[in-house]
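Raw coords_22.cif, mmCIF, N, CA and C atoms:
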```cif
data_query
loop_
_atom_site.label_atom_id
_atom_site.label_comp_id
_atom_site.auth_asym_id
_atom_site.auth_seq_id
_atom_site.Cartn_x
_atom_site.Cartn_y
_atom_site.Cartn_z
N MET A 72 -107.81 27.10 133.13
CA MET A 72 -108.53 26.06 133.82
C MET A 72 -109.92 26.56 134.15
N LYS A 73 -110.92 25.81 133.81
CA LYS A 73 -112.30 26.14 134.15
C LYS A 73 -112.73 25.24 135.29
N PHE A 74 -113.60 25.76 136.12
CA PHE A 74 -114.09 24.95 137.23
C PHE A 74 -115.52 25.34 137.54
N LYS A 75 -116.20 24.43 138.17
CA LYS A 75 -117.58 24.64 138.61
C LYS A 75 -117.63 24.38 140.11
N ILE A 76 -118.46 25.11 140.78
CA ILE A 76 -118.63 24.91 142.22
C ILE A 76 -120.07 24.47 142.47
N PHE A 77 -120.19 23.33 143.13
CA PHE A 77 -121.49 22.81 143.52
C PHE A 77 -121.54 22.80 145.04
N THR A 78 -122.63 23.26 145.59
CA THR A 78 -122.78 23.18 147.05
C THR A 78 -124.04 22.40 147.37
N LYS A 79 -124.00 21.72 148.49
CA LYS A 79 -125.13 20.91 148.89
C LYS A 79 -125.19 20.89 150.42
N LYS A 80 -126.34 21.21 150.94
CA LYS A 80 -126.53 21.19 152.39
C LYS A 80 -126.68 19.74 152.84
N ASN A 81 -125.97 19.40 153.93
CA ASN A 81 -126.05 18.05 154.48
C ASN A 81 -126.12 18.15 156.00
N PRO A 82 -127.30 18.06 156.58
CA PRO A 82 -127.46 18.22 158.03
C PRO A 82 -126.76 17.12 158.85
N LYS A 83 -126.35 16.04 158.24
CA LYS A 83 -125.70 14.95 158.95
C LYS A 83 -124.25 15.27 159.32
N LEU A 84 -123.66 16.30 158.73
CA LEU A 84 -122.24 16.57 158.92
C LEU A 84 -121.90 17.19 160.28
N GLU A 85 -122.81 17.84 160.94
CA GLU A 85 -122.58 18.42 162.26
C GLU A 85 -121.31 19.28 162.31
N ASN A 86 -121.38 20.48 161.84
CA ASN A 86 -120.28 21.47 161.89
C ASN A 86 -119.04 21.07 161.11
N LYS A 87 -119.19 20.29 160.07
CA LYS A 87 -118.07 19.90 159.23
C LYS A 87 -118.35 20.35 157.81
N ILE A 88 -117.29 20.49 157.06
CA ILE A 88 -117.41 20.79 155.64
C ILE A 88 -116.61 19.74 154.89
N ASN A 89 -117.22 19.10 153.93
CA ASN A 89 -116.52 18.16 153.06
C ASN A 89 -116.23 18.86 151.75
N ILE A 90 -115.02 18.72 151.28
CA ILE A 90 -114.63 19.29 149.99
C ILE A 90 -114.19 18.15 149.09
N ILE A 91 -114.83 18.04 147.94
CA ILE A 91 -114.48 17.02 146.97
C ILE A 91 -113.92 17.73 145.74
N VAL A 92 -112.71 17.38 145.38
CA VAL A 92 -112.07 17.98 144.21
C VAL A 92 -111.95 16.90 143.14
N GLU A 93 -112.61 17.11 142.03
CA GLU A 93 -112.52 16.18 140.91
C GLU A 93 -111.58 16.77 139.87
N TYR A 94 -110.69 15.96 139.34
CA TYR A 94 -109.69 16.47 138.41
C TYR A 94 -109.32 15.41 137.38
N LYS A 95 -108.80 15.89 136.28
CA LYS A 95 -108.35 14.97 135.24
C LYS A 95 -106.92 14.53 135.52
N GLU A 96 -106.08 15.49 135.91
CA GLU A 96 -104.70 15.19 136.26
C GLU A 96 -104.20 16.19 137.30
N GLN A 97 -103.22 15.80 138.06
CA GLN A 97 -102.68 16.67 139.09
C GLN A 97 -101.65 17.61 138.46
N ASP A 98 -102.13 18.76 138.03
CA ASP A 98 -101.25 19.74 137.42
C ASP A 98 -100.97 20.87 138.42
N GLU A 99 -100.35 21.92 137.96
CA GLU A 99 -99.98 23.04 138.83
C GLU A 99 -101.20 23.72 139.43
N GLU A 100 -102.26 23.89 138.65
CA GLU A 100 -103.48 24.51 139.15
C GLU A 100 -104.11 23.68 140.27
N TYR A 101 -104.10 22.38 140.08
CA TYR A 101 -104.61 21.47 141.11
C TYR A 101 -103.82 21.65 142.40
N ASN A 102 -102.49 21.65 142.29
CA ASN A 102 -101.63 21.79 143.47
C ASN A 102 -101.86 23.12 144.18
N LYS A 103 -102.06 24.19 143.42
CA LYS A 103 -102.33 25.50 144.02
C LYS A 103 -103.66 25.49 144.78
N LEU A 104 -104.66 24.85 144.19
CA LEU A 104 -105.97 24.79 144.84
C LEU A 104 -105.90 24.00 146.14
N ILE A 105 -105.22 22.88 146.13
CA ILE A 105 -105.08 22.06 147.34
C ILE A 105 -104.31 22.83 148.41
N LYS A 106 -103.28 23.53 148.01
CA LYS A 106 -102.50 24.34 148.95
C LYS A 106 -103.38 25.44 149.58
N TYR A 107 -104.20 26.03 148.76
CA TYR A 107 -105.11 27.08 149.23
C TYR A 107 -106.13 26.52 150.22
N ILE A 108 -106.69 25.37 149.91
CA ILE A 108 -107.67 24.74 150.80
C ILE A 108 -107.01 24.35 152.12
N LYS A 109 -105.80 23.80 152.06
CA LYS A 109 -105.09 23.40 153.27
C LYS A 109 -104.82 24.58 154.18
N ARG A 110 -104.58 25.73 153.59
CA ARG A 110 -104.31 26.93 154.38
C ARG A 110 -105.48 27.22 155.33
N TYR A 111 -106.68 26.99 154.88
CA TYR A 111 -107.85 27.27 155.70
C TYR A 111 -108.27 26.12 156.60
N THR A 112 -107.68 24.97 156.41
CA THR A 112 -108.01 23.85 157.28
C THR A 112 -106.95 23.61 158.33
N GLU A 113 -105.82 24.32 158.23
CA GLU A 113 -104.76 24.17 159.22
C GLU A 113 -105.18 24.79 160.54
N ASN A 114 -104.46 24.42 161.57
CA ASN A 114 -104.69 25.00 162.89
C ASN A 114 -104.41 26.50 162.81
N THR A 115 -105.36 27.32 163.22
CA THR A 115 -105.22 28.76 163.07
C THR A 115 -104.78 29.47 164.35
N LYS A 116 -104.64 28.74 165.43
CA LYS A 116 -104.22 29.32 166.70
C LYS A 116 -102.87 28.73 167.10
N ILE A 117 -102.04 29.56 167.74
CA ILE A 117 -100.78 29.06 168.28
C ILE A 117 -100.58 29.61 169.69
N ILE A 118 -99.76 28.91 170.45
CA ILE A 118 -99.44 29.35 171.80
C ILE A 118 -98.08 30.02 171.77
N VAL A 119 -98.03 31.23 172.32
CA VAL A 119 -96.80 32.02 172.38
C VAL A 119 -96.54 32.44 173.82
N ARG A 120 -95.36 32.98 174.06
CA ARG A 120 -95.02 33.40 175.42
C ARG A 120 -94.78 34.90 175.46
N LYS A 121 -95.32 35.50 176.50
CA LYS A 121 -95.07 36.92 176.80
C LYS A 121 -94.71 36.96 178.27
N ASP A 122 -93.49 37.34 178.59
CA ASP A 122 -92.96 37.30 179.96
C ASP A 122 -93.10 35.87 180.48
N TYR A 123 -93.89 35.65 181.51
CA TYR A 123 -94.06 34.30 182.06
C TYR A 123 -95.42 33.70 181.74
N ASP A 124 -96.17 34.35 180.86
CA ASP A 124 -97.50 33.87 180.50
C ASP A 124 -97.47 33.18 179.14
N GLU A 125 -98.33 32.21 178.98
CA GLU A 125 -98.53 31.59 177.68
C GLU A 125 -99.87 32.08 177.15
N ILE A 126 -99.86 32.59 175.93
CA ILE A 126 -101.02 33.25 175.34
C ILE A 126 -101.36 32.56 174.03
N ILE A 127 -102.65 32.46 173.72
CA ILE A 127 -103.09 31.91 172.44
C ILE A 127 -103.41 33.08 171.50
N ILE A 128 -102.79 33.06 170.32
CA ILE A 128 -103.05 34.10 169.32
C ILE A 128 -103.40 33.45 167.99
N ASN A 129 -103.98 34.23 167.09
CA ASN A 129 -104.28 33.77 165.73
C ASN A 129 -103.03 33.84 164.88
N LYS A 130 -102.76 32.79 164.10
CA LYS A 130 -101.61 32.79 163.20
C LYS A 130 -101.69 33.94 162.19
N GLU A 131 -102.90 34.26 161.77
CA GLU A 131 -103.08 35.29 160.75
C GLU A 131 -102.73 36.68 161.25
N ASP A 132 -102.60 36.87 162.58
CA ASP A 132 -102.21 38.16 163.13
C ASP A 132 -100.70 38.37 163.11
N ILE A 133 -99.94 37.32 162.86
CA ILE A 133 -98.48 37.42 162.87
C ILE A 133 -98.01 38.08 161.58
N ILE A 134 -97.20 39.11 161.75
CA ILE A 134 -96.66 39.85 160.61
C ILE A 134 -95.36 39.22 160.13
N TYR A 135 -94.47 38.90 161.08
CA TYR A 135 -93.24 38.19 160.72
C TYR A 135 -92.67 37.47 161.93
N TYR A 136 -91.79 36.52 161.62
CA TYR A 136 -91.07 35.74 162.61
C TYR A 136 -89.60 36.12 162.51
N PHE A 137 -88.90 36.15 163.64
CA PHE A 137 -87.48 36.48 163.59
C PHE A 137 -86.75 35.81 164.75
N SER A 138 -85.44 35.72 164.59
CA SER A 138 -84.62 35.18 165.67
C SER A 138 -83.70 36.28 166.15
N ASP A 139 -83.42 36.25 167.43
CA ASP A 139 -82.52 37.21 168.05
C ASP A 139 -81.72 36.45 169.09
N LYS A 140 -80.44 36.36 168.87
CA LYS A 140 -79.55 35.56 169.71
C LYS A 140 -80.01 34.11 169.68
N LYS A 141 -80.41 33.53 170.79
CA LYS A 141 -80.79 32.12 170.81
C LYS A 141 -82.30 31.90 170.81
N ASN A 142 -83.07 32.96 170.78
CA ASN A 142 -84.53 32.83 170.87
C ASN A 142 -85.21 33.22 169.56
N ASN A 143 -86.40 32.66 169.35
CA ASN A 143 -87.22 33.00 168.19
C ASN A 143 -88.47 33.72 168.66
N TYR A 144 -88.93 34.65 167.81
CA TYR A 144 -90.06 35.50 168.17
C TYR A 144 -91.00 35.63 166.99
N CYS A 145 -92.23 36.07 167.30
CA CYS A 145 -93.16 36.47 166.25
C CYS A 145 -93.65 37.87 166.60
N LYS A 146 -93.88 38.67 165.57
CA LYS A 146 -94.30 40.06 165.74
C LYS A 146 -95.71 40.21 165.21
N THR A 147 -96.60 40.74 166.05
CA THR A 147 -97.94 41.10 165.61
C THR A 147 -98.00 42.62 165.56
N LYS A 148 -99.16 43.16 165.24
CA LYS A 148 -99.31 44.61 165.16
C LYS A 148 -98.99 45.29 166.49
N ASP A 149 -99.38 44.63 167.60
CA ASP A 149 -99.25 45.26 168.91
C ASP A 149 -98.10 44.74 169.77
N GLU A 150 -97.71 43.50 169.61
CA GLU A 150 -96.77 42.87 170.54
C GLU A 150 -95.73 42.01 169.81
N THR A 151 -94.68 41.70 170.55
CA THR A 151 -93.69 40.71 170.13
C THR A 151 -93.74 39.58 171.14
N TYR A 152 -93.84 38.35 170.63
CA TYR A 152 -93.97 37.18 171.49
C TYR A 152 -92.83 36.20 171.22
N ARG A 153 -92.43 35.48 172.24
CA ARG A 153 -91.43 34.45 172.09
C ARG A 153 -92.13 33.16 171.67
N ILE A 154 -91.50 32.41 170.77
CA ILE A 154 -92.07 31.15 170.30
C ILE A 154 -91.05 30.02 170.48
N ARG A 155 -91.55 28.80 170.52
CA ARG A 155 -90.67 27.64 170.70
C ARG A 155 -90.15 27.10 169.37
N SER A 156 -90.91 27.25 168.32
CA SER A 156 -90.57 26.67 167.02
C SER A 156 -89.30 27.27 166.44
N LYS A 157 -88.61 26.46 165.68
CA LYS A 157 -87.45 26.91 164.92
C LYS A 157 -87.95 27.57 163.63
N LEU A 158 -87.18 28.50 163.09
CA LEU A 158 -87.61 29.20 161.88
C LEU A 158 -87.78 28.25 160.70
N TYR A 159 -86.91 27.26 160.58
CA TYR A 159 -87.05 26.34 159.45
C TYR A 159 -88.34 25.51 159.56
N GLU A 160 -88.80 25.24 160.79
CA GLU A 160 -90.07 24.52 160.97
C GLU A 160 -91.25 25.39 160.54
N ILE A 161 -91.19 26.66 160.88
CA ILE A 161 -92.25 27.60 160.50
C ILE A 161 -92.30 27.73 158.99
N GLU A 162 -91.14 27.82 158.38
CA GLU A 162 -91.05 27.96 156.93
C GLU A 162 -91.65 26.74 156.22
N LYS A 163 -91.42 25.54 156.74
CA LYS A 163 -91.97 24.32 156.15
C LYS A 163 -93.48 24.22 156.31
N GLU A 164 -93.97 24.57 157.49
CA GLU A 164 -95.39 24.39 157.82
C GLU A 164 -96.31 25.40 157.19
N ASN A 165 -95.85 26.62 156.97
CA ASN A 165 -96.73 27.71 156.55
C ASN A 165 -96.47 28.11 155.11
N SER A 166 -97.43 27.83 154.26
CA SER A 166 -97.28 28.17 152.85
C SER A 166 -97.32 29.67 152.60
N GLU A 167 -97.89 30.43 153.53
CA GLU A 167 -97.96 31.88 153.35
C GLU A 167 -96.70 32.60 153.82
N CYS A 168 -95.72 31.85 154.31
CA CYS A 168 -94.49 32.45 154.82
C CYS A 168 -93.40 32.43 153.77
N LEU A 169 -92.55 33.44 153.81
CA LEU A 169 -91.44 33.58 152.88
C LEU A 169 -90.20 34.01 153.66
N ARG A 170 -89.13 33.24 153.55
CA ARG A 170 -87.90 33.59 154.25
C ARG A 170 -87.18 34.68 153.46
N ILE A 171 -86.85 35.77 154.15
CA ILE A 171 -86.16 36.88 153.48
C ILE A 171 -84.72 37.03 153.95
N SER A 172 -84.37 36.32 155.01
CA SER A 172 -82.99 36.31 155.50
C SER A 172 -82.82 35.12 156.42
N LYS A 173 -81.60 34.92 156.89
CA LYS A 173 -81.32 33.80 157.79
C LYS A 173 -82.14 33.90 159.07
N SER A 174 -82.44 35.12 159.49
CA SER A 174 -83.10 35.32 160.78
C SER A 174 -84.52 35.88 160.68
N CYS A 175 -85.11 35.90 159.48
CA CYS A 175 -86.44 36.51 159.36
C CYS A 175 -87.31 35.82 158.30
N ILE A 176 -88.55 35.55 158.68
CA ILE A 176 -89.56 34.99 157.78
C ILE A 176 -90.78 35.90 157.85
N ILE A 177 -91.29 36.31 156.70
CA ILE A 177 -92.45 37.21 156.68
C ILE A 177 -93.72 36.45 156.31
N ASN A 178 -94.84 36.97 156.79
CA ASN A 178 -96.16 36.50 156.39
C ASN A 178 -96.52 37.29 155.13
N THR A 179 -96.60 36.62 154.00
CA THR A 179 -96.82 37.32 152.73
C THR A 179 -98.18 38.02 152.66
N TYR A 180 -99.13 37.58 153.49
CA TYR A 180 -100.43 38.24 153.51
C TYR A 180 -100.36 39.58 154.25
N LYS A 181 -99.29 39.82 154.98
CA LYS A 181 -99.10 41.08 155.70
C LYS A 181 -98.07 41.97 155.00
N LEU A 182 -97.59 41.54 153.86
CA LEU A 182 -96.60 42.29 153.09
C LEU A 182 -97.30 43.40 152.31
N GLN A 183 -96.79 44.62 152.45
CA GLN A 183 -97.36 45.74 151.72
C GLN A 183 -96.66 45.93 150.38
N LYS A 184 -95.31 45.91 150.41
CA LYS A 184 -94.55 46.08 149.16
C LYS A 184 -93.10 45.73 149.39
N PHE A 185 -92.38 45.56 148.28
CA PHE A 185 -90.93 45.46 148.33
C PHE A 185 -90.37 46.79 147.85
N ASP A 186 -89.51 47.37 148.64
CA ASP A 186 -88.88 48.64 148.30
C ASP A 186 -87.49 48.33 147.76
N MET A 187 -87.30 48.58 146.48
CA MET A 187 -86.02 48.26 145.84
C MET A 187 -85.25 49.54 145.57
N SER A 188 -84.08 49.63 146.15
CA SER A 188 -83.27 50.83 145.99
C SER A 188 -82.31 50.70 144.81
N ILE A 189 -81.72 51.80 144.44
CA ILE A 189 -80.76 51.82 143.33
C ILE A 189 -79.52 51.00 143.68
N SER A 190 -79.15 51.01 144.93
CA SER A 190 -77.94 50.29 145.38
C SER A 190 -78.11 48.77 145.35
N GLY A 191 -79.33 48.30 145.13
CA GLY A 191 -79.58 46.86 145.03
C GLY A 191 -80.17 46.26 146.29
N LYS A 192 -80.32 47.04 147.35
CA LYS A 192 -80.92 46.53 148.57
C LYS A 192 -82.44 46.45 148.40
N ILE A 193 -83.01 45.40 148.96
CA ILE A 193 -84.45 45.23 148.92
C ILE A 193 -84.97 45.22 150.35
N LEU A 194 -85.99 46.00 150.59
CA LEU A 194 -86.65 46.04 151.89
C LEU A 194 -88.08 45.53 151.74
N ALA A 195 -88.49 44.67 152.66
CA ALA A 195 -89.88 44.22 152.72
C ALA A 195 -90.60 45.18 153.65
N VAL A 196 -91.59 45.90 153.13
CA VAL A 196 -92.37 46.84 153.94
C VAL A 196 -93.65 46.12 154.34
N MET A 197 -93.82 45.99 155.64
CA MET A 197 -94.93 45.22 156.18
C MET A 197 -96.11 46.12 156.53
N GLU A 198 -97.25 45.48 156.80
CA GLU A 198 -98.50 46.17 157.12
C GLU A 198 -98.39 47.14 158.29
N ASP A 199 -97.55 46.80 159.27
CA ASP A 199 -97.40 47.66 160.45
C ASP A 199 -96.35 48.74 160.27
N GLY A 200 -95.75 48.84 159.08
CA GLY A 200 -94.74 49.84 158.80
C GLY A 200 -93.32 49.34 158.98
N SER A 201 -93.14 48.12 159.46
CA SER A 201 -91.80 47.55 159.62
C SER A 201 -91.12 47.46 158.27
N ARG A 202 -89.83 47.77 158.26
CA ARG A 202 -89.02 47.69 157.04
C ARG A 202 -87.92 46.67 157.30
N LEU A 203 -88.03 45.51 156.66
CA LEU A 203 -87.12 44.40 156.92
C LEU A 203 -86.22 44.18 155.71
N GLN A 204 -84.93 44.09 155.96
CA GLN A 204 -83.99 43.95 154.85
C GLN A 204 -83.92 42.51 154.35
N VAL A 205 -83.97 42.37 153.03
CA VAL A 205 -83.85 41.08 152.36
C VAL A 205 -82.36 40.82 152.14
N SER A 206 -81.89 39.64 152.53
CA SER A 206 -80.48 39.33 152.32
C SER A 206 -80.22 39.06 150.84
N ARG A 207 -78.97 39.26 150.43
CA ARG A 207 -78.61 39.05 149.02
C ARG A 207 -78.85 37.61 148.59
N ARG A 208 -78.70 36.68 149.51
CA ARG A 208 -78.91 35.27 149.18
C ARG A 208 -80.36 34.96 148.86
N LYS A 209 -81.28 35.76 149.34
CA LYS A 209 -82.71 35.50 149.15
C LYS A 209 -83.33 36.32 148.02
N VAL A 210 -82.56 37.11 147.32
CA VAL A 210 -83.09 37.94 146.24
C VAL A 210 -83.74 37.08 145.16
N CYS A 211 -83.13 35.96 144.80
CA CYS A 211 -83.71 35.08 143.78
C CYS A 211 -85.06 34.53 144.23
N ASP A 212 -85.16 34.18 145.52
CA ASP A 212 -86.44 33.68 146.05
C ASP A 212 -87.52 34.76 145.98
N ILE A 213 -87.13 36.00 146.25
CA ILE A 213 -88.07 37.12 146.19
C ILE A 213 -88.54 37.32 144.75
N LYS A 214 -87.60 37.26 143.81
CA LYS A 214 -87.96 37.42 142.40
C LYS A 214 -88.90 36.31 141.95
N ASP A 215 -88.64 35.07 142.39
CA ASP A 215 -89.53 33.95 142.07
C ASP A 215 -90.92 34.17 142.66
N PHE A 216 -90.95 34.64 143.90
CA PHE A 216 -92.23 34.96 144.57
C PHE A 216 -93.01 35.99 143.77
N LEU A 217 -92.33 37.04 143.32
CA LEU A 217 -92.99 38.09 142.54
C LEU A 217 -93.44 37.59 141.17
N ASP A 218 -92.61 36.75 140.54
CA ASP A 218 -92.98 36.20 139.23
C ASP A 218 -94.21 35.32 139.31
N GLU A 219 -94.34 34.53 140.39
CA GLU A 219 -95.50 33.65 140.56
C GLU A 219 -96.78 34.44 140.68
N ARG A 220 -96.71 35.63 141.24
CA ARG A 220 -97.92 36.41 141.54
C ARG A 220 -98.16 37.58 140.59
N SER A 221 -97.28 37.74 139.61
CA SER A 221 -97.47 38.88 138.70
C SER A 221 -98.45 38.53 137.60
N ILE A 222 -99.05 39.57 137.06
CA ILE A 222 -100.05 39.40 136.00
C ILE A 222 -99.36 39.45 134.65
#
```

With the file now loaded, output its structure as structure tokens.
Amino acid sequence: MKFKIFTKKNPKLENKINIIVEYKEQDEEYNKLIKYIKRYTENTKIIVRKDYDEIIINKEDIIYYFSDKKNNYCKTKDETYRIRSKLYEIEKENSECLRISKSCIINTYKLQKFDMSISGKILAVMEDGSRLQVSRRKVCDIKDFLDERSI
């Protein structure tokens, strides 16, 4: 797919950016581009809880989401915060997230590597050094994820 980028200054927009995508047909490349653009136009801040305080953090700082007993949490480099959202809601809303088990969703932009052992276990090694086990049920999803991004 070839594309051209045209930019034009428009002082009437007042802190807005308009993106016009012209296409012949809605193919896979088109869908990927729209998904990429949406990622940057989504709300980038979320409210989380730490003890009795509600704190605003950047979504991009979250390394992974997990559930423990009846509560859901998100892990950043420095802290773990409690969140209100259900894991399936996070999985639906965030295109950069990948579910690796029933109780864990990772931010793929914070993924360093997958560590595959001889025994067949797969560990997701995250930017902060966390090693999260991939459930056997999610191995196919991981392989699909890797196939989509391989050269």

For this session: Would you write out, as number ranges by chain, every residue that the PyMOL selection byres (((chain A and resi 170-172 and name CA) around 12) and name CA) captures in this file?
Result: A: 135-138, 158-163, 165-169, 173-179, 182, 185, 193-196, 202-214, 216

Problem set entry | Computed interatomic separation between atom C of Glu131 of chain A and atom N of Lys116 of chain A (Å) |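 So the answer is 9.2 Å.
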
Enclose all atoms of segment 166-176 of chain A listed in the file in an axis-aligned box, grow every side by 4 Å, and hand back centre and edge lengths in Å to one decimal, as lines of an AutoDock Vina configuration file.
```
center_x = -89.6
center_y = 32.4
center_z = 156.7
size_x = 24.6
size_y = 17.2
size_z = 16.2
```

Problem set entry | Nearest candidate to Ile118 of chain A (options A:Lys80, A:Ile154, A:Asp218, A:Lys192; using all atoms listed in the file) |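 Checking each of A:Lys80, A:Ile154, A:Asp218, A:Lys192 against Ile118 of chain A, counting all atoms listed in the file, the winner is A:Ile154.
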
Problem set entry | Straight-line distance linking atom C of Ile128 of chain A with atom N of Gly200 of chain A, stated in Å to one decimal |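 Value for the atom C of Ile128 of chain A-atom N of Gly200 of chain A distance: 19.4 Å.
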
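For the set A:Asp98, A:Asp122, A:Glu164, A:Asp199, the residue with the smallest atom-to-atom gap to Tyr152 of chain A is A:Asp122, counting only C-alpha atoms.
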
Problem set entry | Coordinates-based distance that separates atom CA of Thr115 of chain A from atom C of Phe77 of chain A (Å, one decimal) |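 Atom CA of Thr115 of chain A lies at a distance of 25.0 Å from atom C of Phe77 of chain A.
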
Near Ser156 of chain A, counting only C-alpha atoms, which residues have an atom at most 10 Å away, once you skip same-chain residues fewer than 5 positions from it, shown as an mmCIF file with N, CA and C atoms, in the coordinates of the input?
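Saved file out22.cif follows:
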```cif
data_model
loop_
_atom_site.group_PDB
_atom_site.id
_atom_site.type_symbol
_atom_site.label_atom_id
_atom_site.label_comp_id
_atom_site.auth_asym_id
_atom_site.auth_seq_id
_atom_site.Cartn_x
_atom_site.Cartn_y
_atom_site.Cartn_z
ATOM 1 N N VAL A 119 -98.030 31.230 172.320
ATOM 2 C CA VAL A 119 -96.800 32.020 172.380
ATOM 3 C C VAL A 119 -96.540 32.440 173.820
ATOM 4 N N ASN A 142 -83.070 32.960 170.780
ATOM 5 C CA ASN A 142 -84.530 32.830 170.870
ATOM 6 C C ASN A 142 -85.210 33.220 169.560
ATOM 7 N N ASN A 143 -86.400 32.660 169.350
ATOM 8 C CA ASN A 143 -87.220 33.000 168.190
ATOM 9 C C ASN A 143 -88.470 33.720 168.660
ATOM 10 N N TYR A 144 -88.930 34.650 167.810
ATOM 11 C CA TYR A 144 -90.060 35.500 168.170
ATOM 12 C C TYR A 144 -91.000 35.630 166.990
ATOM 13 N N ILE A 161 -91.190 26.660 160.880
ATOM 14 C CA ILE A 161 -92.250 27.600 160.500
ATOM 15 C C ILE A 161 -92.300 27.730 158.990
#
```

For this session: Determine which residues of segment 75-132 of chain A DSSP labels as helix (DSSP H, G or I) from the backbone of this structure, then write them out as a list in words.
Result: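 For segment 75-132 of chain A, the helix (DSSP H, G or I) set is Pro82, Lys83, Leu84, Glu99, Glu100, Tyr101, Asn102, Lys103, Leu104, Ile105, Lys106, Tyr107, Ile108, Lys109, Arg110, Tyr111, Thr112, Lys130, Glu131 and Asp132 of chain A.
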
For this session: From the DSSP assignment of the backbone, select every residue of segment 114-215 of chain A that is strand (DSSP E), and format the answer as a PyMOL selection string.
Result: chain A and resi 116-121+124-129+135-139+142-146+151-154+168-172+175-178+182-187+193-197+202-205

Problem set entry | Residue IDs satisfying the PyMOL selection byres (((chain A and resi 94 and name CA) around 12) and name CA), as JSON, numbers by chain | {"A": [72, 73, 74, 75, 91, 92, 93, 95, 96, 97, 98, 99, 100, 101, 102, 104, 105]}
